[in-house]
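Participant: Okay, handing you the structure first.
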Amino acid sequence: MVNSEYERRIAARFTTFDQDGNGHIDRSDFSGAAKALLAEFGVAARSDRGQALYGGAEALWQGLAGIADRDGDQRITREEFVTAAVKRLRDKPDRFAEIARPFLHAALAVAGPGDGTVTVADTARALTVFGVPGDVARSVAAALDTDGDGTVGETEIVPAFARWFTVPE
């Protein structure tokens with residue numbers, strides 16, 4: 001199934017989305033990620049920010065499922081995930097960015113003071129919630145601060161997320 005280096009690298013992204021490690025991606029992976037982020041930052045699920053995060057997680061799930069869930073079983077297998085990335089998103093990273101934008105926007109609101117930015121330290125903290133090892137999370141968070149102001153905003157994180165998912169060959 002995984003024939004090229006590009007496909008191997010995309011397949012590695014699968015585990016990030018498969019939050020519960022059950023071998024497929026489904027809606028619960030996205031709602032679970034939202035729940036974990038809310039818990040980490042002490043934000044109530046029923047708050048406006050909590051509801052926006054759950055709504056963003058659902059939008060991300062729906063967008064990814066619409067692209068990748070070829071058999072319509074509401075689960076995305078590793079093969080479906082790789083195929084979607086290779087055949088549908090590879091040349092259109094902006095499409096993935098727009099699918100991810102509502103979730104990322106809401107995640108910034110949960111992890112930050114509500115002004116659309118998050119400190120580099122809190123960005124790393126959020127990344128660890130999603131399963132990124134601490135040292136990698138700190139390095140990635142620092143790299144996301146492209147303007148060097150000590151914060152990460154939507155204009156930095158959305159394109160970076162799309163680039164991460166649509167890795168070059």
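Here's how to read the names in the structure tokens: chain A, B, ... by the order shown, residue numbers from 1 in each chain, ligand numbers from 1 in the order shown.
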Assign secondary structure with DSSP using the backbone only, and return the residues of chain A in helix (DSSP H, G or I) as a PyMOL selection string.
Facilitator: chain A and resi 5-17+27-41+48-68+78-89+93-111+120-129+134-144+154-165
Participant: For the residues selected in the previous step, produce a file with C-alpha atoms as a tab-separated table (two decimals), in the first residue's frame.
Facilitator:
chain	number	residue	atom	x	y	z
A	5	GLU	CA	8.62	7.99	0.66
A	6	TYR	CA	5.83	10.57	0.34
A	7	GLU	CA	3.19	7.94	1.12
A	8	ARG	CA	5.25	6.66	4.07
A	9	ARG	CA	5.47	10.16	5.52
A	10	ILE	CA	1.74	10.74	5.04
A	11	ALA	CA	0.97	7.37	6.66
A	12	ALA	CA	2.92	8.53	9.71
A	13	ARG	CA	0.46	11.45	10.03
A	14	PHE	CA	-2.36	8.93	10.40
A	15	THR	CA	-1.36	8.12	13.98
A	16	THR	CA	-1.74	11.77	14.97
A	17	PHE	CA	-5.37	11.71	13.93
A	27	ARG	CA	-15.57	11.12	14.90
A	28	SER	CA	-14.59	10.07	18.43
A	29	ASP	CA	-10.94	10.82	17.69
A	30	PHE	CA	-11.84	14.45	17.01
A	31	SER	CA	-14.27	14.86	19.90
A	32	GLY	CA	-11.73	13.13	22.18
A	33	ALA	CA	-9.02	15.55	21.09
A	34	ALA	CA	-11.35	18.48	21.81
A	35	LYS	CA	-12.23	17.07	25.23
A	36	ALA	CA	-8.55	16.59	26.10
A	37	LEU	CA	-7.66	20.13	25.04
A	38	LEU	CA	-10.52	21.59	27.09
A	39	ALA	CA	-9.40	19.61	30.14
A	40	GLU	CA	-5.76	20.69	29.73
A	41	PHE	CA	-6.68	24.38	29.65
A	48	ASP	CA	-18.83	29.30	24.19
A	49	ARG	CA	-15.17	28.41	23.62
A	50	GLY	CA	-15.83	24.75	24.44
A	51	GLN	CA	-18.78	24.56	22.08
A	52	ALA	CA	-16.77	26.29	19.33
A	53	LEU	CA	-13.99	23.73	19.78
A	54	TYR	CA	-16.42	20.80	19.54
A	55	GLY	CA	-17.99	22.43	16.48
A	56	GLY	CA	-14.55	22.88	14.91
A	57	ALA	CA	-13.66	19.26	15.68
A	58	GLU	CA	-16.87	18.11	14.01
A	59	ALA	CA	-16.18	20.31	10.98
A	60	LEU	CA	-12.66	18.89	10.69
A	61	TRP	CA	-14.00	15.34	10.97
A	62	GLN	CA	-16.71	15.98	8.37
A	63	GLY	CA	-14.24	17.59	5.98
A	64	LEU	CA	-11.69	14.83	6.31
A	65	ALA	CA	-14.35	12.11	6.10
A	66	GLY	CA	-15.79	13.73	2.99
A	67	ILE	CA	-12.39	13.52	1.34
A	68	ALA	CA	-11.11	10.22	2.72
A	78	ARG	CA	-4.83	4.13	7.05
A	79	GLU	CA	-5.19	3.22	3.36
A	80	GLU	CA	-8.09	5.64	2.87
A	81	PHE	CA	-6.12	8.34	4.68
A	82	VAL	CA	-3.02	7.91	2.52
A	83	THR	CA	-5.09	7.70	-0.67
A	84	ALA	CA	-6.91	10.90	0.22
A	85	ALA	CA	-3.68	12.73	0.90
A	86	VAL	CA	-1.97	11.46	-2.22
A	87	LYS	CA	-4.88	11.77	-4.65
A	88	ARG	CA	-7.01	14.56	-3.26
A	89	LEU	CA	-4.97	16.91	-1.10
A	93	PRO	CA	-2.96	22.12	0.68
A	94	ASP	CA	-5.17	25.21	0.93
A	95	ARG	CA	-8.22	22.95	0.78
A	96	PHE	CA	-7.02	21.09	3.85
A	97	ALA	CA	-6.20	24.37	5.58
A	98	GLU	CA	-9.79	25.53	5.11
A	99	ILE	CA	-11.12	22.24	6.48
A	100	ALA	CA	-8.89	22.61	9.54
A	101	ARG	CA	-9.42	26.35	10.09
A	102	PRO	CA	-12.54	26.17	12.35
A	103	PHE	CA	-10.88	23.67	14.67
A	104	LEU	CA	-7.58	25.54	14.78
A	105	HIS	CA	-9.35	28.87	15.35
A	106	ALA	CA	-11.29	27.39	18.27
A	107	ALA	CA	-8.19	25.63	19.65
A	108	LEU	CA	-6.37	28.97	19.73
A	109	ALA	CA	-9.28	30.46	21.67
A	110	VAL	CA	-9.18	27.62	24.20
A	111	ALA	CA	-5.41	27.67	24.69
A	120	VAL	CA	4.68	29.51	22.24
A	121	ALA	CA	4.67	27.64	25.57
A	122	ASP	CA	0.90	27.07	25.44
A	123	THR	CA	1.17	26.02	21.80
A	124	ALA	CA	3.64	23.34	22.88
A	125	ARG	CA	1.30	22.38	25.71
A	126	ALA	CA	-1.57	21.96	23.23
A	127	LEU	CA	0.58	19.88	20.90
A	128	THR	CA	1.45	17.50	23.72
A	129	VAL	CA	-2.27	17.01	24.37
A	134	GLY	CA	7.34	17.29	24.66
A	135	ASP	CA	10.69	18.09	23.07
A	136	VAL	CA	9.23	17.91	19.57
A	137	ALA	CA	6.22	19.99	20.66
A	138	ARG	CA	8.48	22.73	22.04
A	139	SER	CA	10.55	22.83	18.87
A	140	VAL	CA	7.50	22.86	16.59
A	141	ALA	CA	5.81	25.57	18.67
A	142	ALA	CA	8.91	27.75	18.46
A	143	ALA	CA	9.07	27.25	14.69
A	144	LEU	CA	5.40	28.23	14.35
A	154	GLU	CA	-4.13	31.69	13.07
A	155	THR	CA	-2.15	33.19	10.18
A	156	GLU	CA	0.83	31.11	11.29
A	157	ILE	CA	-0.78	27.88	12.39
A	158	VAL	CA	-3.32	27.23	9.60
A	159	PRO	CA	-0.82	27.19	6.72
A	160	ALA	CA	1.68	25.26	8.86
A	161	PHE	CA	-0.95	22.60	9.58
A	162	ALA	CA	-1.70	22.27	5.87
A	163	ARG	CA	2.00	21.99	5.07
A	164	TRP	CA	2.43	19.35	7.78
A	165	PHE	CA	-0.37	17.25	6.32
Participant: CA of Gly112 in chain A and CA of Ile25 in chain A, how far apart in Å?
Facilitator: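 CA of Gly112 in chain A lies at a distance of 27.3 Å from CA of Ile25 in chain A.
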Participant: One number please: CA of Gly42 in chain A to CA of Val132 in chain A, in Å, one decimal.
Facilitator: 19.8 Å
